[in-house]
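Colleague: What follows is a structure written as structure tokens; I'll ask about it next.
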Amino acid sequence: MKPVLKACGRWTAAVALGLAMLGTTAALADKSSNTFNWASRYPIDVLDPYANTSREAIIINGQLVWDTLIWRDPDSGDYKPLLATEWRWLDDTTLEFKLRTDVKWHNGQPLTADDAVYTLNRIVAPGAKIGIPRNVNWIKGAEKTGADTFKLFLKAPFPAAMEYLSSVIPIMPNNLYGADGTPPTVEKAVGTGPYRIVSFTPSVSTEVELTGNYFAGSPKGQPTIKRIVNRTIPDNSTQIAELLSGGTDWIWNVAPDQAKAIEKKENLSVISAETMRLSVIQFNTRDTETTNPLKDKRVRQAIAYAIDRDRLIKSMVGAGAEIPLAACYKTQFGCEQNVKQYPFSADTAKKLLAEAGHADDLTLDIMAFRSRDWSAAVAGMLNRVGIKTTINYVSYPAGQERHAKNQDQLYFQDNGWFSINDASAALDSFFVGDSMDSTQDKEITEWDRAANSTTDAAKRKELFSKSLKKIAEEMYLLPLWSHPNVHAFRTDLDFKPYPDENPRFYFAKWK
Amino acid sequence: MIGYLARRALLGLAIIAVVSLSVFVLTNVAVDPATVIAGEGASRADIESVRRTYGFDRPVAVRYFQWLGNAASGNLGDSYRQRRPVINIVRERLPVTVGLACLALAISLAISLPLAIAAAVKRNSVWDRLALAISVIGQAVPAFWIALLCILVFSVHLAWLPASGSTSLAHFVLPAFTLSFYSTPSLLRLTRAGLIDVLQSDYIRTARAKGLRPGRILLQHALRNALAPVIAIASVQFGFMLSGSVVIETIFSMQGIGYLAWEAVTSADLPLVQALVLVTAFFYIVLTLTADVLNAWLDPRIRLA
């Protein structure tokens with residue numbers, strides 16, 4: 001037996017040596033070289049953040065390399081100057097900005113109003129192919145009024161403008177795309193942010209490096225991590241393996257059950273933080289070919305009472321999740337919290353169903369494009385009060401198409417509204433009166449339109465309040481729970497997550 | 001021979017045309033590309049804006065013939081997501097998949113051929129049982145499970161190999177081994193069965209009677225004839241590997257054309273999907289033709305005319 005074991009040992013050593021000689025060049029996490037590696041599922045396809053659809057590109061990398069005109073303090077919610085020192089509304093559709101004069105691009109050129117005007121006019125030009133059109137489609141254009149001043153024109157009053165300007169509208173250098181529209185290279189894609197791009201492989205990896213001369217007084221502070229490297233790793237299990245083996249320092253969207261295994265490692269920390277993303281059930285109350293039971297308010301309310309959200313959060317959704325009181329996220333401006341609530345009560349649900357004449361004959365279709373297990377759990381709870389269900393698990397586009405064509409009943413979905421901290425972002429997704437509005441409540445649509453047409457904060461709050469109270473009273477949309485986002489990272493990394501799913505790496509530092 | 005090759009080339013072109021048409025229609029009809037490109041949370045107005053910007057408001061037939069015309073002149077279009085010519089993207093990603101496929105096929109052949117020979121020569125021996133066990137396990141165990149197990153053992157616990165990426169030879173070891181698991185069973189079983197059949201034939205008995213050495217009989221006479229079906233299967237499997245294994249490349253985060261195809265389909269990057277389909281169809285046609293020619297060379301009884 002001994003010779004066999006000896007031989008095995010020799011072979012193992014030989015294999016290990018052979019593998020080592022293959023030249024592993026994985027970017028191992030390395031605090032000593034002040035390099036921070038983070039991995040995420042969604043790729044950065046193009047250097048220009050406007051051309052992307054992923055949060056990783058638009059928000060995370062976008063805010064490391066570029067700056068917005070204003071900056072929203074994630075703790076206080078206040079807007080603070082970033083590239084602009086001052087701004088004021090000239091009327092409901094015109095904003096005037098004054099830029100800092102001490103900001104330089106990574107190539108040494110000074111920031112001027114030409115850069116801002118170019119950026120804002122380019123993103124609304126026909127054929128610009130913006131990744132997320134809704135981020136910019138409220139802008140009409142911009143006009144230079146001085147070396148460091150310019151006006152921004154809106155198509156119509158848009159009170160959430162400051163939200164967008166402080167998060168997803170970075171200022172790019174003048175003539176970034178050149179006359180022929182060629183996408184920028186690494187050398188051309190300069191920013192004003194604390195980090196400059198040093199290498200980029202589309203959809204694979206992005207490496208940024210601290211410039212060392214970020215302008216003083218920026219509310220983003222002066223970051224200390226020298227290099228930040230992003231890698232796209234589509235599979236969650238592989239991300240965890242990379243974290244465990246030291247190949248990466250930070251991952252997010254970890255499944256709660258896998259988080260428990262990571263927590264046991266001494267050198268790794270896990271934080272499950274609540275996010276703005278809500279799971280909701282949208283009820284289709286429109287006329288359909290056959291009698292639509294969801295037109296009856298009592299049926300919708302019965303469904304709301306039938307779902308034990310507390311229990312589902314504890315058993316499935318995980319730590320960090322909360323039951324939203326209204327059909328928006330609590331920090332969004334105008335998100336009225338004093339609306340009718342539907343605590344779990346199977347008896348009330350059964351009573352309402354009986355009153356509606358559906359004591360035991362109701363069969364409903366649940367359509368979902370994500371969270372298969374959650375939608376199945378909801379179906380199980382509906383079953384317990386006598387509602388039979390079928391689950392149609394479809395792709396997102398197919399779901400949207402069926403919904404627009406009035407071919408669904410209960411639409412289980414989630415939305416993070418791209419972290420826009422204004423209730424209009426939530427209400428505009430469901431109640432604008434278009435084919436995606438399965439309620440077609442003219443009153444709510446009108447209130448929403450009116451709230452989106454005035455910059456009077458008090459008036460807006462009042463209008464949002466009326467909408468949200470009616471949505472809850474009529475049970476047009478059932479907010480189920482806020483999504484937790486489980487972040488796992490090295491214990492020696494000082495990192496704080498925020499509900500808007502924007503991991504501000506410029507605040508991160510090594511302990 | 002030249003006539004045969006010309007006929008096969010024409011047939012190949014016809015197959016590529018049919019495949020590209022089918023994929024174009026399916027990708028445009030199965031889902032609304034404008035909805036996918038506009039992204040989650042987009043309003044109907046945003047979706048309609050995307051539809052106009054990308055030209056999806058034109059009939060599918062018009063778009064297909066425009067694409068075909070451009071493709072015929074060598075322009076396969078720009079990727080909707082990466083905003084650059086798809087041909088450049090495919091060219092960048094192809095070496096990863098080709099490298100992975102070659103390594104996987106080499107591992108597969110290195111395991112299956114010697115083991116199949118041993119199993120055929122010594123039937124019901126421990127080698128035969130081992131071959132049977134590998135065949136059963138290889139066919140029964142899903143590739144993703146093997147992949148995750150390999151990552152757990154060799155990357156997390158032993159820290160010998162990287163878990164993901166494709167920047168060094170070390171990154172290819174685990175994916176290639178996992179991918180080879182898919183093709184090994186069929187190659188193993190086919191070679192073994194073929195050899196057993198050939199070893200019982202009259203001309204082998206004659207060779208033995210003539211006093212030829214067993215090694216020469218096995219390798220020069222028996223194996224040569226037993227390999228014909230193996231080559232056909234190997235070429236198909238190599239084609240499969242070259243078209244990219246979506247599962248393997250996704251799990252190991254390898255930047256090959258399999259993962260690229262998954263990305264392109266899920267994001268409705270239609271020019272990229274079309275380009276990948278063309279490349280894949282081309283591989284299959286060339287490999288099938290190569291297998292036919294190889295078989296004819298190995299077995300002169302097979303005529304290409």
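Ligands are numbered from 1 in the order shown, residues from 1 within each chain, and chains are lettered A, B, ... in the order they appear in the structure tokens.
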What are the closest atom pairs, with distances in Å to one decimal, for each residue of chain A lying within 6 Å of chain B, using only C-alpha atoms, rows by chain and rising residue number, as a Markdown table?
Modeller:
```
| residue | atom | partner | partner_atom | distance |
| --- | --- | --- | --- | --- |
| A:Leu22 | CA | B:Ala170 | CA | 5.1 |
| A:Thr24 | CA | B:Ala170 | CA | 5.4 |
| A:Asp45 | CA | B:Gln82 | CA | 5.2 |
| A:Val46 | CA | B:Gln82 | CA | 5.6 |
| A:Gly127 | CA | B:Thr53 | CA | 5.6 |
| A:Pro133 | CA | B:Asp46 | CA | 5.9 |
| A:Ile233 | CA | B:Ser253 | CA | 5.4 |
| A:Asp235 | CA | B:Ile251 | CA | 5.4 |
| A:Ser245 | CA | B:Val156 | CA | 4.9 |
| A:Pro397 | CA | B:Thr35 | CA | 5.6 |
```
Colleague: Residues at most 8 Å from Phe507 (chain A), counting only C-alpha atoms, excluding those fewer than 5 positions away in the same chain, as a ChimeraX atom specification?
Modeller: /A:220-221,223,495
Colleague: Residues near Tyr476 (chain A), anyone? I mean within 10 Å using only C-alpha atoms, not counting same-chain ones fewer than 5 positions away, as a list in words.
Modeller: Ile281, Gln282, Phe283, Asn284, Thr285, Leu294, Lys295, Lys297, Arg300, Gln301, Ala327, Phe430, Phe431, Ser438, Thr439, Gln440, Asp441, Leu468, Lys470 and Ile471 of chain A
Colleague: Selected residues, C-alpha atoms, written as an mmCIF file, in the first residue's frame, please.
Modeller:
```
data_model
loop_
_atom_site.group_PDB
_atom_site.id
_atom_site.type_symbol
_atom_site.label_atom_id
_atom_site.label_comp_id
_atom_site.auth_asym_id
_atom_site.auth_seq_id
_atom_site.Cartn_x
_atom_site.Cartn_y
_atom_site.Cartn_z
ATOM 1 C CA ILE A 281 -48.014 42.219 -8.169
ATOM 2 C CA GLN A 282 -49.692 44.312 -10.835
ATOM 3 C CA PHE A 283 -53.390 43.500 -11.247
ATOM 4 C CA ASN A 284 -54.934 43.563 -14.678
ATOM 5 C CA THR A 285 -58.336 45.187 -14.205
ATOM 6 C CA LEU A 294 -59.931 41.127 -11.089
ATOM 7 C CA LYS A 295 -62.275 43.971 -11.988
ATOM 8 C CA LYS A 297 -61.946 45.254 -5.928
ATOM 9 C CA ARG A 300 -57.824 42.108 -5.472
ATOM 10 C CA GLN A 301 -58.012 42.941 -1.787
ATOM 11 C CA ALA A 327 -46.397 51.291 -4.142
ATOM 12 C CA PHE A 430 -47.521 51.538 -13.981
ATOM 13 C CA PHE A 431 -50.095 54.344 -14.232
ATOM 14 C CA SER A 438 -53.341 47.590 -16.658
ATOM 15 C CA THR A 439 -55.548 49.744 -14.469
ATOM 16 C CA GLN A 440 -56.437 52.586 -16.820
ATOM 17 C CA ASP A 441 -57.616 54.703 -13.909
ATOM 18 C CA LEU A 468 -50.833 56.253 -3.715
ATOM 19 C CA LYS A 470 -56.157 55.370 -4.228
ATOM 20 C CA ILE A 471 -53.782 52.670 -5.525
#
```
Colleague: Considering only alpha helix (DSSP H) as DSSP defines it on the backbone, what residues of region 74-248 of chain B qualify? List them as a compact mmCIF listing (two decimals) with N, CA and C atoms, in the first residue's frame.
Modeller:
```txt
# COMPACT_ATOMS: atom_id res chain seq x y z
N VAL B 86 -19.36 43.45 -35.75
CA VAL B 86 -19.49 42.14 -35.11
C VAL B 86 -18.35 41.21 -35.52
N ILE B 87 -17.86 41.41 -36.72
CA ILE B 87 -16.80 40.52 -37.19
C ILE B 87 -15.55 40.67 -36.31
N ASN B 88 -15.30 41.89 -35.83
CA ASN B 88 -14.15 42.11 -34.92
C ASN B 88 -14.37 41.39 -33.60
N ILE B 89 -15.60 41.44 -33.11
CA ILE B 89 -15.91 40.80 -31.83
C ILE B 89 -15.73 39.29 -31.94
N VAL B 90 -16.28 38.73 -33.02
CA VAL B 90 -16.17 37.27 -33.22
C VAL B 90 -14.69 36.88 -33.36
N ARG B 91 -13.95 37.69 -34.09
CA ARG B 91 -12.52 37.40 -34.30
C ARG B 91 -11.75 37.42 -32.96
N GLU B 92 -12.15 38.32 -32.07
CA GLU B 92 -11.48 38.40 -30.76
C GLU B 92 -11.81 37.20 -29.88
N ARG B 93 -13.07 36.75 -29.97
CA ARG B 93 -13.52 35.69 -29.06
C ARG B 93 -13.23 34.28 -29.58
N LEU B 94 -13.11 34.16 -30.90
CA LEU B 94 -12.97 32.83 -31.48
C LEU B 94 -11.76 32.05 -30.96
N PRO B 95 -10.59 32.67 -30.82
CA PRO B 95 -9.43 31.89 -30.37
C PRO B 95 -9.66 31.19 -29.02
N VAL B 96 -10.43 31.80 -28.15
CA VAL B 96 -10.69 31.17 -26.85
C VAL B 96 -11.47 29.88 -27.05
N THR B 97 -12.51 29.95 -27.86
CA THR B 97 -13.33 28.76 -28.08
C THR B 97 -12.56 27.69 -28.86
N VAL B 98 -11.78 28.12 -29.86
CA VAL B 98 -10.99 27.14 -30.64
C VAL B 98 -9.97 26.46 -29.72
N GLY B 99 -9.31 27.24 -28.91
CA GLY B 99 -8.34 26.68 -27.97
C GLY B 99 -8.98 25.70 -27.01
N LEU B 100 -10.12 26.10 -26.49
CA LEU B 100 -10.84 25.24 -25.55
C LEU B 100 -11.29 23.95 -26.23
N ALA B 101 -11.81 24.08 -27.47
CA ALA B 101 -12.30 22.90 -28.19
C ALA B 101 -11.15 21.94 -28.50
N CYS B 102 -10.03 22.49 -28.96
CA CYS B 102 -8.88 21.63 -29.31
C CYS B 102 -8.39 20.88 -28.07
N LEU B 103 -8.26 21.62 -26.98
CA LEU B 103 -7.77 21.01 -25.75
C LEU B 103 -8.76 19.95 -25.24
N ALA B 104 -10.03 20.28 -25.31
CA ALA B 104 -11.06 19.33 -24.83
C ALA B 104 -11.07 18.07 -25.69
N LEU B 105 -10.96 18.26 -27.01
CA LEU B 105 -10.97 17.09 -27.90
C LEU B 105 -9.71 16.25 -27.68
N ALA B 106 -8.58 16.94 -27.47
CA ALA B 106 -7.33 16.21 -27.22
C ALA B 106 -7.45 15.38 -25.94
N ILE B 107 -8.00 15.99 -24.89
CA ILE B 107 -8.17 15.25 -23.63
C ILE B 107 -9.12 14.07 -23.84
N SER B 108 -10.18 14.35 -24.57
CA SER B 108 -11.19 13.31 -24.82
C SER B 108 -10.58 12.13 -25.58
N LEU B 109 -9.80 12.45 -26.63
CA LEU B 109 -9.18 11.38 -27.42
C LEU B 109 -8.11 10.66 -26.60
N ALA B 110 -7.38 11.43 -25.79
CA ALA B 110 -6.32 10.83 -24.97
C ALA B 110 -6.89 9.86 -23.94
N ILE B 111 -8.10 10.13 -23.51
CA ILE B 111 -8.73 9.21 -22.55
C ILE B 111 -9.41 8.07 -23.28
N SER B 112 -10.18 8.41 -24.30
CA SER B 112 -11.07 7.41 -24.90
C SER B 112 -10.34 6.38 -25.78
N LEU B 113 -9.36 6.81 -26.60
CA LEU B 113 -8.74 5.85 -27.53
C LEU B 113 -7.96 4.75 -26.80
N PRO B 114 -7.01 5.08 -25.91
CA PRO B 114 -6.28 4.00 -25.23
C PRO B 114 -7.20 3.10 -24.40
N LEU B 115 -8.16 3.74 -23.74
CA LEU B 115 -9.05 2.96 -22.89
C LEU B 115 -9.96 2.05 -23.72
N ALA B 116 -10.40 2.56 -24.87
CA ALA B 116 -11.26 1.76 -25.74
C ALA B 116 -10.48 0.57 -26.31
N ILE B 117 -9.23 0.82 -26.66
CA ILE B 117 -8.39 -0.28 -27.20
C ILE B 117 -8.20 -1.35 -26.12
N ALA B 118 -7.86 -0.90 -24.92
CA ALA B 118 -7.65 -1.85 -23.81
C ALA B 118 -8.94 -2.61 -23.52
N ALA B 119 -10.06 -1.91 -23.55
CA ALA B 119 -11.34 -2.55 -23.25
C ALA B 119 -11.74 -3.55 -24.33
N ALA B 120 -11.41 -3.23 -25.59
CA ALA B 120 -11.78 -4.13 -26.69
C ALA B 120 -10.89 -5.36 -26.72
N VAL B 121 -9.60 -5.14 -26.45
CA VAL B 121 -8.65 -6.26 -26.50
C VAL B 121 -8.87 -7.18 -25.29
N VAL B 126 -10.71 -5.40 -16.04
CA VAL B 126 -10.89 -4.19 -15.24
C VAL B 126 -10.91 -2.96 -16.14
N TRP B 127 -10.17 -2.99 -17.26
CA TRP B 127 -10.15 -1.87 -18.22
C TRP B 127 -11.52 -1.70 -18.87
N ASP B 128 -12.13 -2.81 -19.19
CA ASP B 128 -13.45 -2.77 -19.82
C ASP B 128 -14.47 -2.17 -18.85
N ARG B 129 -14.36 -2.59 -17.60
CA ARG B 129 -15.29 -2.07 -16.57
C ARG B 129 -15.07 -0.57 -16.36
N LEU B 130 -13.79 -0.17 -16.38
CA LEU B 130 -13.47 1.24 -16.19
C LEU B 130 -14.04 2.08 -17.35
N ALA B 131 -13.89 1.52 -18.56
CA ALA B 131 -14.43 2.22 -19.74
C ALA B 131 -15.94 2.38 -19.62
N LEU B 132 -16.58 1.31 -19.16
CA LEU B 132 -18.04 1.35 -19.00
C LEU B 132 -18.43 2.39 -17.94
N ALA B 133 -17.68 2.39 -16.85
CA ALA B 133 -17.98 3.34 -15.76
C ALA B 133 -17.83 4.78 -16.25
N ILE B 134 -16.73 5.04 -16.97
CA ILE B 134 -16.51 6.41 -17.47
C ILE B 134 -17.62 6.81 -18.44
N SER B 135 -18.02 5.86 -19.28
CA SER B 135 -19.09 6.15 -20.25
C SER B 135 -20.38 6.52 -19.54
N VAL B 136 -20.73 5.72 -18.55
CA VAL B 136 -21.99 5.96 -17.84
C VAL B 136 -21.95 7.28 -17.07
N ILE B 137 -20.84 7.48 -16.35
CA ILE B 137 -20.74 8.73 -15.56
C ILE B 137 -20.74 9.94 -16.49
N GLY B 138 -19.96 9.84 -17.56
CA GLY B 138 -19.86 10.97 -18.50
C GLY B 138 -21.19 11.35 -19.11
N GLN B 139 -22.02 10.34 -19.36
CA GLN B 139 -23.31 10.63 -19.98
C GLN B 139 -24.36 11.03 -18.96
N ALA B 140 -24.21 10.55 -17.74
CA ALA B 140 -25.26 10.78 -16.76
C ALA B 140 -25.08 12.08 -15.98
N ALA B 143 -22.87 18.57 -17.21
CA ALA B 143 -21.58 19.28 -17.32
C ALA B 143 -21.45 20.37 -16.28
N PHE B 144 -22.55 21.07 -15.98
CA PHE B 144 -22.43 22.19 -15.03
C PHE B 144 -22.03 21.70 -13.64
N TRP B 145 -22.49 20.47 -13.30
CA TRP B 145 -22.17 19.92 -11.98
C TRP B 145 -20.68 19.58 -11.90
N ILE B 146 -20.20 18.95 -12.98
CA ILE B 146 -18.76 18.63 -13.04
C ILE B 146 -17.95 19.93 -12.94
N ALA B 147 -18.43 20.95 -13.66
CA ALA B 147 -17.72 22.23 -13.68
C ALA B 147 -17.63 22.82 -12.27
N LEU B 148 -18.76 22.84 -11.58
CA LEU B 148 -18.77 23.42 -10.24
C LEU B 148 -17.93 22.60 -9.26
N LEU B 149 -17.98 21.28 -9.45
CA LEU B 149 -17.18 20.40 -8.59
C LEU B 149 -15.69 20.66 -8.80
N CYS B 150 -15.32 20.81 -10.07
CA CYS B 150 -13.91 21.08 -10.39
C CYS B 150 -13.47 22.40 -9.77
N ALA B 170 -3.53 28.11 -17.92
CA ALA B 170 -4.10 27.53 -16.70
C ALA B 170 -5.62 27.70 -16.65
N HIS B 171 -6.11 28.80 -17.23
CA HIS B 171 -7.55 29.04 -17.22
C HIS B 171 -8.32 28.02 -18.07
N PHE B 172 -7.59 27.34 -18.99
CA PHE B 172 -8.27 26.43 -19.92
C PHE B 172 -8.36 25.00 -19.37
N VAL B 173 -7.59 24.71 -18.34
CA VAL B 173 -7.50 23.31 -17.89
C VAL B 173 -8.85 22.78 -17.40
N LEU B 174 -9.44 23.46 -16.45
CA LEU B 174 -10.71 22.96 -15.89
C LEU B 174 -11.84 22.96 -16.93
N PRO B 175 -12.03 24.05 -17.69
CA PRO B 175 -13.10 24.02 -18.69
C PRO B 175 -12.89 22.93 -19.74
N ALA B 176 -11.63 22.75 -20.17
CA ALA B 176 -11.37 21.73 -21.20
C ALA B 176 -11.66 20.33 -20.66
N PHE B 177 -11.24 20.10 -19.44
CA PHE B 177 -11.49 18.79 -18.82
C PHE B 177 -13.01 18.56 -18.71
N THR B 178 -13.74 19.59 -18.28
CA THR B 178 -15.19 19.46 -18.14
C THR B 178 -15.85 19.23 -19.48
N LEU B 179 -15.39 19.99 -20.47
CA LEU B 179 -15.99 19.86 -21.81
C LEU B 179 -15.69 18.48 -22.40
N SER B 180 -14.49 17.96 -22.10
CA SER B 180 -14.13 16.64 -22.64
C SER B 180 -15.03 15.55 -22.07
N PHE B 181 -15.57 15.80 -20.91
CA PHE B 181 -16.46 14.82 -20.28
C PHE B 181 -17.68 14.55 -21.13
N TYR B 182 -18.05 15.57 -21.93
CA TYR B 182 -19.23 15.42 -22.78
C TYR B 182 -18.96 14.47 -23.94
N SER B 183 -17.77 14.59 -24.54
CA SER B 183 -17.51 13.82 -25.77
C SER B 183 -16.84 12.48 -25.52
N THR B 184 -16.23 12.32 -24.36
CA THR B 184 -15.50 11.07 -24.10
C THR B 184 -16.39 9.82 -24.19
N PRO B 185 -17.56 9.77 -23.55
CA PRO B 185 -18.34 8.53 -23.57
C PRO B 185 -18.66 8.00 -24.96
N SER B 186 -19.10 8.88 -25.86
CA SER B 186 -19.48 8.39 -27.18
C SER B 186 -18.26 7.92 -27.96
N LEU B 187 -17.16 8.67 -27.85
CA LEU B 187 -15.94 8.24 -28.55
C LEU B 187 -15.46 6.89 -28.00
N LEU B 188 -15.52 6.77 -26.71
CA LEU B 188 -15.06 5.55 -26.04
C LEU B 188 -15.90 4.34 -26.47
N ARG B 189 -17.18 4.52 -26.42
CA ARG B 189 -18.07 3.38 -26.74
C ARG B 189 -18.00 3.01 -28.21
N LEU B 190 -17.94 4.02 -29.05
CA LEU B 190 -17.91 3.76 -30.49
C LEU B 190 -16.61 3.08 -30.90
N THR B 191 -15.50 3.56 -30.34
CA THR B 191 -14.21 2.95 -30.68
C THR B 191 -14.15 1.51 -30.16
N ARG B 192 -14.61 1.31 -28.96
CA ARG B 192 -14.59 -0.04 -28.39
C ARG B 192 -15.44 -0.99 -29.24
N ALA B 193 -16.67 -0.56 -29.53
CA ALA B 193 -17.58 -1.42 -30.29
C ALA B 193 -17.02 -1.71 -31.68
N GLY B 194 -16.47 -0.66 -32.31
CA GLY B 194 -15.90 -0.83 -33.65
C GLY B 194 -14.74 -1.79 -33.64
N LEU B 195 -13.87 -1.66 -32.64
CA LEU B 195 -12.69 -2.52 -32.55
C LEU B 195 -13.09 -3.98 -32.31
N ILE B 196 -14.04 -4.18 -31.42
CA ILE B 196 -14.49 -5.55 -31.12
C ILE B 196 -15.02 -6.20 -32.40
N ASP B 197 -15.77 -5.41 -33.16
CA ASP B 197 -16.34 -5.90 -34.40
C ASP B 197 -15.23 -6.28 -35.40
N VAL B 198 -14.28 -5.35 -35.54
CA VAL B 198 -13.20 -5.55 -36.52
C VAL B 198 -12.29 -6.71 -36.09
N LEU B 199 -12.02 -6.81 -34.81
CA LEU B 199 -11.12 -7.86 -34.32
C LEU B 199 -11.66 -9.28 -34.56
N ASP B 202 -12.68 -11.63 -40.64
CA ASP B 202 -11.84 -12.65 -41.29
C ASP B 202 -10.43 -12.16 -41.56
N TYR B 203 -10.32 -10.90 -42.01
CA TYR B 203 -8.97 -10.45 -42.40
C TYR B 203 -8.06 -10.31 -41.19
N ILE B 204 -8.62 -10.09 -40.03
CA ILE B 204 -7.78 -10.02 -38.82
C ILE B 204 -7.32 -11.44 -38.46
N ARG B 205 -8.27 -12.39 -38.63
CA ARG B 205 -7.89 -13.78 -38.36
C ARG B 205 -6.77 -14.19 -39.32
N THR B 206 -6.89 -13.76 -40.57
CA THR B 206 -5.86 -14.07 -41.57
C THR B 206 -4.52 -13.45 -41.17
N ALA B 207 -4.60 -12.22 -40.72
CA ALA B 207 -3.36 -11.54 -40.31
C ALA B 207 -2.68 -12.27 -39.17
N ARG B 208 -3.51 -12.73 -38.22
CA ARG B 208 -2.96 -13.48 -37.09
C ARG B 208 -2.32 -14.77 -37.59
N ALA B 209 -3.03 -15.43 -38.55
CA ALA B 209 -2.54 -16.70 -39.07
C ALA B 209 -1.22 -16.52 -39.79
N PRO B 214 0.82 -8.84 -32.72
CA PRO B 214 -0.50 -8.36 -32.28
C PRO B 214 -0.61 -6.83 -32.32
N GLY B 215 0.46 -6.15 -31.95
CA GLY B 215 0.43 -4.67 -31.95
C GLY B 215 0.19 -4.13 -33.34
N ARG B 216 0.85 -4.74 -34.32
CA ARG B 216 0.71 -4.27 -35.69
C ARG B 216 -0.71 -4.56 -36.21
N LEU B 223 -7.50 -0.95 -35.99
CA LEU B 223 -7.88 0.40 -35.56
C LEU B 223 -8.21 1.30 -36.75
N ARG B 224 -7.46 1.14 -37.82
CA ARG B 224 -7.69 1.98 -39.00
C ARG B 224 -9.12 1.84 -39.50
N ASN B 225 -9.63 0.62 -39.53
CA ASN B 225 -11.00 0.40 -40.00
C ASN B 225 -12.04 0.78 -38.95
N ALA B 226 -11.67 0.60 -37.70
CA ALA B 226 -12.64 0.92 -36.64
C ALA B 226 -12.81 2.42 -36.45
N LEU B 227 -11.86 3.20 -36.98
CA LEU B 227 -11.88 4.63 -36.70
C LEU B 227 -12.85 5.43 -37.57
N ALA B 228 -13.31 4.85 -38.67
CA ALA B 228 -14.17 5.62 -39.59
C ALA B 228 -15.37 6.25 -38.88
N PRO B 229 -16.18 5.48 -38.17
CA PRO B 229 -17.31 6.13 -37.49
C PRO B 229 -16.86 7.07 -36.36
N VAL B 230 -15.71 6.74 -35.78
CA VAL B 230 -15.21 7.59 -34.69
C VAL B 230 -14.88 8.98 -35.23
N ILE B 231 -14.28 9.02 -36.39
CA ILE B 231 -13.92 10.32 -36.99
C ILE B 231 -15.18 11.13 -37.27
N ALA B 232 -16.21 10.45 -37.77
CA ALA B 232 -17.47 11.16 -38.06
C ALA B 232 -18.03 11.78 -36.78
N ILE B 233 -18.04 10.99 -35.71
CA ILE B 233 -18.60 11.50 -34.44
C ILE B 233 -17.70 12.61 -33.87
N ALA B 234 -16.37 12.35 -33.96
CA ALA B 234 -15.43 13.34 -33.40
C ALA B 234 -15.58 14.68 -34.12
N SER B 235 -15.80 14.63 -35.42
CA SER B 235 -15.91 15.89 -36.16
C SER B 235 -17.18 16.64 -35.76
N VAL B 236 -18.26 15.90 -35.53
CA VAL B 236 -19.50 16.54 -35.10
C VAL B 236 -19.30 17.15 -33.71
N GLN B 237 -18.63 16.39 -32.86
CA GLN B 237 -18.42 16.90 -31.50
C GLN B 237 -17.45 18.08 -31.48
N PHE B 238 -16.49 18.03 -32.36
CA PHE B 238 -15.58 19.16 -32.45
C PHE B 238 -16.35 20.39 -32.94
N GLY B 239 -17.27 20.16 -33.86
CA GLY B 239 -18.12 21.25 -34.34
C GLY B 239 -18.95 21.83 -33.21
N PHE B 240 -19.46 20.92 -32.38
CA PHE B 240 -20.24 21.38 -31.22
C PHE B 240 -19.37 22.23 -30.29
N MET B 241 -18.16 21.74 -30.08
CA MET B 241 -17.25 22.48 -29.19
C MET B 241 -16.86 23.82 -29.79
N LEU B 242 -16.65 23.83 -31.11
CA LEU B 242 -16.26 25.08 -31.76
C LEU B 242 -17.40 26.09 -31.78
N VAL B 246 -22.09 27.00 -24.23
CA VAL B 246 -22.65 28.12 -23.46
C VAL B 246 -22.47 27.88 -21.96
N VAL B 247 -22.79 26.65 -21.53
CA VAL B 247 -22.75 26.35 -20.10
C VAL B 247 -21.33 26.45 -19.56
N ILE B 248 -20.41 25.79 -20.23
CA ILE B 248 -19.02 25.77 -19.74
C ILE B 248 -18.41 27.17 -19.77
```
Colleague: Can you pull out every residue within 6 Å of region 59-73 of chain A, counting only C-alpha atoms, but drop anything in the same chain fewer than 4 positions away, and send it as an NGL selection string?
Modeller: :A and (49 or 55 or 77-84 or 166 or 169-171 or 191-193 or 195-196)
Colleague: Just the number, please: distance in Å from CA of Trp250 (chain A) to CA of Trp38 (chain A), one decimal.
Modeller: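 These atoms are spaced 4.7 Å apart.
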Colleague: Tell me which protein, DNA and RNA residues are within 6 Å of Ala426 (chain A), counting only C-alpha atoms, leaving out same-chain ones fewer than 3 positions away, and put them as a PyMOL selection string.
Modeller: chain A and resi 328+423+429
Colleague: Just write the chosen residues, C-alpha atoms, as a PDB file, in the first residue's frame.
Modeller:
```
ATOM      1  CA  CYS A 328     -43.036  53.075  -4.138  1.00  0.00           C
ATOM      2  CA  ALA A 423     -42.147  58.638  -6.613  1.00  0.00           C
ATOM      3  CA  SER A 429     -43.939  52.616 -14.594  1.00  0.00           C
TER       4      SER A 429
END
```
Colleague: Could you jot down the CA of Lys260 (chain A) to CA of Glu274 (chain A) separation for me, Å, one decimal place?
Modeller: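 Going from CA of Lys260 (chain A) over to CA of Glu274 (chain A) covers 17.2 Å.
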Colleague: Taking into account only C-alpha atoms, which residue in the set B:Thr290, B:Asn295, B:Gln274, B:Gln220 is nearest to Val25 (chain B)?
Modeller: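 The answer is B:Gln274, which sits nearest to Val25 (chain B).
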